[in-house]
Amino acid sequence: MSLIALMSVGVISLVVWLILVFLSVTYGIEKNWLIKLTSFNAPIRITPTEAYYNSYYYQIDAISHSSGFQVKSIGEKLIAPSTDPYSDGDMEIPSQWPTKIYNDDGSAKDFIKEAFHTIWQLPLTAQDYEVAGAVLKLGMTLPPSQENRRGYLTQAAYVSSFCEKSPKLPLLIDSLRVEDLNQLFYLAHAPPGGRRANEVDRVKVTSIDLLYLQSLLSHIDIQKMKTNAFQWRSLAFIMPDNVEFDATASMQDGEIVSLLLPLNRGKNIGTLVKRGGYFHFREVGGRSYKLDLGTPLFTDGLFSMDVKLSPPNLNSVESLQDLWFHVHTHLQGYPLEGRVPWDGIEITHADICYRFEKEPALPPPWPYVVQSEIKLPMFNEHAILLPRSFQNQAVKIGDSGYFSYGAATASSMQEQRLPVYVAGFYDPGVMAIGARCILAPTHVVRAINTSSGCLGLDSNILNGIQVYLEDLSQAKEVKRRLVEAFDRAGLLPYFEITSFHEYDFAKDLLLQFQSDKYLFTLIGIIVLLVACSNIISLLVVLVKDKRREIAILRAMGASKRSIALIFALCGGAMGMVSTLIGILAAVFTLHNIDVVVNFLSFLQGHEAFNALFYGKSLPNELSHHALIFIMIATPLISLLAGCVPAIKACSLHFAQILRAE
C-alpha cells in the first residue's frame, strides 16, 4: 500500500512540476513581450486628433514668419516662446479658418503646454515622439583583405525619435558583442581605405579618431584576447629561455624558412630552444640550427591569453600601435608571459561600462545610462540604433552611412542626406513595425519630417506624447485619470488617449495572450483532476483493506464524521506533500532552464526556441500567479478526491463487518 501511495504522490508531483514550469515560462514570455512593447511604444500614448490639426493653434505657424512658415511638431510647440506666433506683417488669416481658442482668464489656449502640465500634475513622466520615413544607406566596414566583397546595405525604414526618458528602454539595448568591440578599435585608427562609408565613398582617418580611441579605452577593461592568425610575431619575445618546445621545421634549399609549434606536446621531428638571443632548433637524431628570433613561427591553433593594459596612461596613446599588454598564456604546457603590442591579436572578453552617476567627460561610442536616463553618444556623425535583425546582415557597431530622403523644391524633389553611424542594436520584440524602425536623435527625425513631410504616413503615428509607467497593471486606471484631467482642462477634443491594450498592432496579440492563459489554466485543472483521481483509487483500496479497523473505531464510539475526516485529510495531506515536491522540482528546473533548452535543442538538431519570439533565454522566474493557482487547486482537488472514499467509509455497517470477522 505504501508503494501505491508513493506512486500517487509521484504522479501528482510530476503534474504539479510540469504545470508550474509551463505556466511560469508562459507568463514570463508574456511579461517580456509586454516590457518590450511598452519600452518601445510606452504604456500610454496621447496623439493629436483631427480637431487639433484643424485648429488655429496648429495651422497659424504655416503663415507666420517667426515660425519659418512651417507647422511645428509637438516638441517644437512645447519649447516655443509664444503660443501665437502671428504678427501684423504676416499674410492675412484665411476667413475659413477656425477662431483662436482662449482660456477663462483671456489668455490664448496652448494645447501642448497645457497637456504636458496636466500630465506632470498627476504626476507622470512623459515625452514627445516623432516618426519619419527614410532610406538608410549603410556602409559595411571591411578590412583591406575583403575590399572586393559587397560592403553596403540599402533599407527603407521608419525612423523614430530616441526617447531617452523611457525607464524601460535600457532593457532593450543589446550588450556589445566581441565582433563589435574589435571593430570599434579597428575604426579608431584604421589605415586609409581600410573602411567604407558606402559603395563609392572612402572614409579617411580624421582627428576625431584620437578622441574616439581614448573614449574606448576609458570605458573598457580588456581582460582576454586571442591571436587572429596562426602566425604571431610577438610569440618569439614571450617564449621563456632554456625551455625545449616540440617543433617542426619547414626547409627550402637546405635552409629553415619557418617553424611550426603545436599548442600541445606531441610527436614531432625536432625541438626548439630560445637561448642567448637566438633560436636553437635540433632535429631528432640530426643536425642543429641556430636561427634568428625573427624566424617566422606558426602554431596549429590560436592563442587565448589573459591580458592587462600597460601602460594605462591614456594621454600617451595616439594609435593602436601605442597600446601594449602584459599577457599570460600557455604553449605545450609551459607558461608564456611578457609585454606585447596590439598586433595580430583581438579581444575575446572585456568589461564594458554602460552606467554612470554623472555625465562622463568623454562619453563612450555606444548608448549609456546616466542615473536613470539613457543617452546616445555624440561624435562627428549622428548615432542611430538598429533593430537586432540587422546583425544577420553583418552590420556592426561603428558602420557609417546616411539617411536619404526627398525634399520638395519649387520644381522638383531633391535627395537630401544626413550622415549617421551605428551606435548599437536593440530588441524590437515580436511587433512587425519594430523590425523596420530605426531609433535616431529627435532633431534628425524632425529634419526628415520638415523636409519630406513623410508623404503616405498616417499623421496620427507621426507625432504624439508617450507616457511612461513603472507598473503596467495601472495602465487602464492611469488612462482613466488622464481622460478626466484632459476633460477638465478642455483638451479632450484635441487629443486621443490610448493604453497599450488598444494599440492596433498589439491588440490582437494581447487578446491571444489572455485566451491562452485561460486555456492553459483550464488544461492544468483537467490534468490535476486526472492526476488526483489516483487518490480516489488508493483510498478506496485502503477503505476496503481497513474495514475491520474502521468497524472497531465505530464500535468504540467514533462518529461517521470523524471517520470521513480521516480519509479526507489523507487525500489533502497527499496533495500538500505532492505540491511541495512539485514546487521544489519546478524551482530547480527553472533555475537550470538553459540546460533544459540546450538538451531540447540537441535532440531536435536546431534551436528549440526562436530567439525572435522568446529572446536569448527563456524566463526562469517562478510565476506568482502559477504558484498561487497550484497551492490552492492541488490540495483542494486532493481533499475533494479524498471525500469519495471517505463517504464510502462512512457507509460501512460496522456490526455486519464485526460479525463476519
# chains A, B, ... in the order shown; residues from 1 in each chain; ligands from 1
$ closest_atom_pairs --of "stretch 74-96 of chain A" --to "stretch 125-135 of chain A" --cutoff "12 Å" --atoms "only C-alpha atoms" --output "CSV"
residue,atom,partner,partner_atom,distance
A:Ile74,CA,A:Asp128,CA,6.5
A:Gly75,CA,A:Asp128,CA,5.9
A:Glu76,CA,A:Asp128,CA,9.7
A:Lys77,CA,A:Asp128,CA,10.4
A:Leu78,CA,A:Asp128,CA,9.1
A:Ile79,CA,A:Asp128,CA,11.5
$ residues_around --residues "A:Gln321" --least-positions-apart "6" --cutoff "9 Å" --atoms "only C-alpha atoms" --output "PyMOL selection string"
chain A and resi 341-343
$ atom_distance --atom1 "atom CA of A:His501" --atom2 "atom CA of A:Glu470"
16.0 Å
$ atom_distance --atom1 "atom CA of A:Pro335" --atom2 "atom CA of A:Met239"
8.4 Å
$ residues_around --residues "A:Tyr53" --least-positions-apart "3" --cutoff "12 Å" --atoms "only C-alpha atoms" --output "compact mmCIF listing (two decimals) with N, CA and C atoms, in the first residue's frame"
# COMPACT_ATOMS: atom_id res chain seq x y z
N THR A 47 -2.18 61.08 -28.76
CA THR A 47 -1.96 61.56 -30.13
C THR A 47 -2.96 62.65 -30.47
N PRO A 48 -2.54 63.63 -31.27
CA PRO A 48 -3.46 64.71 -31.67
C PRO A 48 -4.58 64.16 -32.56
N THR A 49 -5.74 64.75 -32.43
CA THR A 49 -6.89 64.38 -33.27
C THR A 49 -6.98 65.33 -34.46
N GLU A 50 -7.97 65.07 -35.32
CA GLU A 50 -8.19 65.96 -36.46
C GLU A 50 -8.55 67.37 -35.99
N TYR A 56 -6.75 76.57 -35.11
CA TYR A 56 -5.96 77.78 -35.34
C TYR A 56 -4.58 77.62 -34.72
N TYR A 57 -4.52 77.03 -33.54
CA TYR A 57 -3.27 76.87 -32.79
C TYR A 57 -2.22 76.13 -33.61
N TYR A 58 -2.63 75.11 -34.36
CA TYR A 58 -1.67 74.32 -35.15
C TYR A 58 -1.37 74.99 -36.49
N GLN A 59 -2.39 75.51 -37.16
CA GLN A 59 -2.20 75.99 -38.53
C GLN A 59 -1.55 77.37 -38.61
N ILE A 60 -1.57 78.15 -37.55
CA ILE A 60 -1.08 79.52 -37.62
C ILE A 60 0.41 79.58 -37.92
N ASP A 61 1.15 78.54 -37.54
CA ASP A 61 2.60 78.54 -37.81
C ASP A 61 2.89 78.55 -39.31
N ALA A 62 1.99 77.98 -40.11
CA ALA A 62 2.23 77.87 -41.55
C ALA A 62 2.24 79.22 -42.25
N VAL A 71 4.50 74.43 -40.11
CA VAL A 71 3.82 73.95 -38.90
C VAL A 71 4.84 73.29 -37.99
N LYS A 72 4.56 73.28 -36.70
CA LYS A 72 5.51 72.78 -35.72
C LYS A 72 5.04 71.44 -35.14
N SER A 73 6.04 70.64 -34.77
CA SER A 73 5.74 69.37 -34.10
C SER A 73 5.41 69.63 -32.64
N ILE A 74 5.00 68.60 -31.94
CA ILE A 74 4.66 68.74 -30.52
C ILE A 74 5.86 69.21 -29.72
N TRP A 97 -10.72 79.70 -41.65
CA TRP A 97 -10.02 79.10 -40.51
C TRP A 97 -10.86 79.17 -39.24
N PRO A 98 -10.69 78.18 -38.35
CA PRO A 98 -11.38 78.26 -37.05
C PRO A 98 -10.80 79.40 -36.22
N PHE A 111 -2.40 74.29 -26.38
CA PHE A 111 -2.79 72.89 -26.21
C PHE A 111 -1.64 72.02 -25.68
N SER A 459 -0.88 60.65 -40.16
CA SER A 459 -0.48 61.75 -39.29
C SER A 459 -0.61 61.40 -37.81
N ASN A 460 -1.46 60.42 -37.49
CA ASN A 460 -1.64 60.04 -36.10
C ASN A 460 -0.45 59.27 -35.53
N ASN A 463 3.46 61.90 -34.83
CA ASN A 463 3.78 62.75 -33.70
C ASN A 463 2.82 62.44 -32.56
N PRO A 493 -11.10 67.11 -26.66
CA PRO A 493 -11.44 67.02 -28.10
C PRO A 493 -10.22 67.03 -29.01
N TYR A 494 -9.09 67.47 -28.50
CA TYR A 494 -7.92 67.65 -29.35
C TYR A 494 -6.89 66.53 -29.22
N PHE A 495 -7.11 65.60 -28.31
CA PHE A 495 -6.16 64.51 -28.11
C PHE A 495 -6.91 63.19 -27.88
$ atom_distance --atom1 "atom CA of A:Ser13" --atom2 "atom CA of A:Leu580"
7.9 Å
$ residues_around --residues "A:Phe403" --least-positions-apart "2" --cutoff "10 Å" --atoms "only C-alpha atoms" --output "MDAnalysis selection string"
chainID A and resid 133:138 154:157 159 401 405 415:420 444 448
$ write_last_selection --atoms "C-alpha atoms" --output "compact mmCIF listing (two decimals), in the first residue's frame"
# COMPACT_ATOMS: atom_id res chain seq x y z
CA GLY A 133 10.27 57.66 -43.25
CA ALA A 134 13.65 57.46 -45.00
CA VAL A 135 16.04 55.15 -46.80
CA LEU A 136 19.09 54.02 -44.85
CA LYS A 137 22.21 53.55 -46.96
CA LEU A 138 24.79 51.95 -44.75
CA THR A 154 20.11 49.85 -48.51
CA GLN A 155 16.94 49.62 -46.44
CA ALA A 156 13.70 51.62 -46.41
CA ALA A 157 12.64 52.09 -42.81
CA VAL A 159 12.90 56.50 -38.27
CA GLY A 401 26.29 55.79 -43.85
CA TYR A 405 15.06 61.36 -48.16
CA GLU A 415 17.65 64.00 -52.41
CA GLN A 416 18.92 65.04 -49.01
CA ARG A 417 21.47 63.11 -46.94
CA LEU A 418 22.07 63.02 -43.20
CA PRO A 419 25.26 61.21 -42.10
CA VAL A 420 24.77 58.57 -39.40
CA VAL A 444 17.29 64.01 -37.10
CA ILE A 448 13.39 64.50 -42.20
$ residues_around --residues "A:His382" --least-positions-apart "5" --cutoff "12 Å" --atoms "only C-alpha atoms" --output "list in words"
Phe162, Pro365, Trp366, Leu376, Pro377, Gly398, Asp399, Ser400, Gly401, Tyr402, Phe403, Arg417, Leu418, Pro419, Val420, Tyr421, Val422, Ala423, Leu439, Ala440, Pro441, Thr442, His443, Val444 and Val445 of chain A
$ closest_residue --among "A:Leu20, A:Asn592, A:Gly277, A:Ile12" --to "A:Ile628" --atoms "only C-alpha atoms"
A:Leu20
$ closest_atom_pairs --of "stretch 286-316 of chain A" --to "stretch 212-232 of chain A" --cutoff "9 Å" --atoms "only C-alpha atoms" --output "Markdown table"
| residue | atom | partner | partner_atom | distance |
| --- | --- | --- | --- | --- |
| A:Pro296 | CA | A:Gln231 | CA | 7.2 |
| A:Leu297 | CA | A:Gln231 | CA | 5.9 |
| A:Phe298 | CA | A:Gln231 | CA | 4.6 |
| A:Thr299 | CA | A:Phe230 | CA | 5.3 |
| A:Asp300 | CA | A:Phe230 | CA | 6.6 |
| A:Gly301 | CA | A:Phe230 | CA | 6.2 |
| A:Leu302 | CA | A:Thr227 | CA | 5.5 |
| A:Phe303 | CA | A:Lys226 | CA | 5.3 |
| A:Ser304 | CA | A:Lys226 | CA | 4.4 |
| A:Met305 | CA | A:Met225 | CA | 5.5 |
| A:Asp306 | CA | A:Lys224 | CA | 4.6 |
| A:Val307 | CA | A:Gln223 | CA | 5.2 |
| A:Lys308 | CA | A:Gln223 | CA | 6.2 |
| A:Leu309 | CA | A:Ile222 | CA | 7.2 |
| A:Pro312 | CA | A:Leu217 | CA | 8.8 |
| A:Leu314 | CA | A:Gln214 | CA | 6.3 |
| A:Asn315 | CA | A:Gln214 | CA | 8.0 |
$ write_last_selection --atoms "C-alpha atoms" --output "PDB file, in the first residue's frame"
ATOM      1  CA  PRO A 296      58.519  33.060 -38.692  1.00  0.00           C
ATOM      2  CA  LEU A 297      56.766  30.954 -36.044  1.00  0.00           C
ATOM      3  CA  PHE A 298      53.480  29.225 -36.794  1.00  0.00           C
ATOM      4  CA  THR A 299      51.133  27.344 -34.471  1.00  0.00           C
ATOM      5  CA  ASP A 300      48.435  24.768 -35.203  1.00  0.00           C
ATOM      6  CA  GLY A 301      45.839  26.826 -33.361  1.00  0.00           C
ATOM      7  CA  LEU A 302      45.077  30.254 -31.946  1.00  0.00           C
ATOM      8  CA  PHE A 303      46.352  31.506 -28.606  1.00  0.00           C
ATOM      9  CA  SER A 304      43.925  32.581 -25.883  1.00  0.00           C
ATOM     10  CA  MET A 305      45.515  34.798 -23.262  1.00  0.00           C
ATOM     11  CA  ASP A 306      44.812  36.843 -20.159  1.00  0.00           C
ATOM     12  CA  VAL A 307      45.837  40.458 -20.679  1.00  0.00           C
ATOM     13  CA  LYS A 308      46.258  43.698 -18.785  1.00  0.00           C
ATOM     14  CA  LEU A 309      46.726  47.048 -20.479  1.00  0.00           C
ATOM     15  CA  PRO A 312      47.123  52.660 -18.509  1.00  0.00           C
ATOM     16  CA  LEU A 314      45.575  57.295 -21.910  1.00  0.00           C
ATOM     17  CA  ASN A 315      47.219  60.649 -22.578  1.00  0.00           C
TER      18      ASN A 315
END
$ select_by_dssp --residues "stretch 445-531 of chain A" --states "strand (DSSP E)" --output "JSON, numbers by chain"
{"A": [463, 464, 465, 466, 467, 468, 495, 496, 497, 498, 499]}
$ residues_around --residues "A:Val21" --least-positions-apart "4" --cutoff "8 Å" --atoms "only C-alpha atoms" --output "number ranges by chain"
A: 17, 25, 586, 589-590, 622
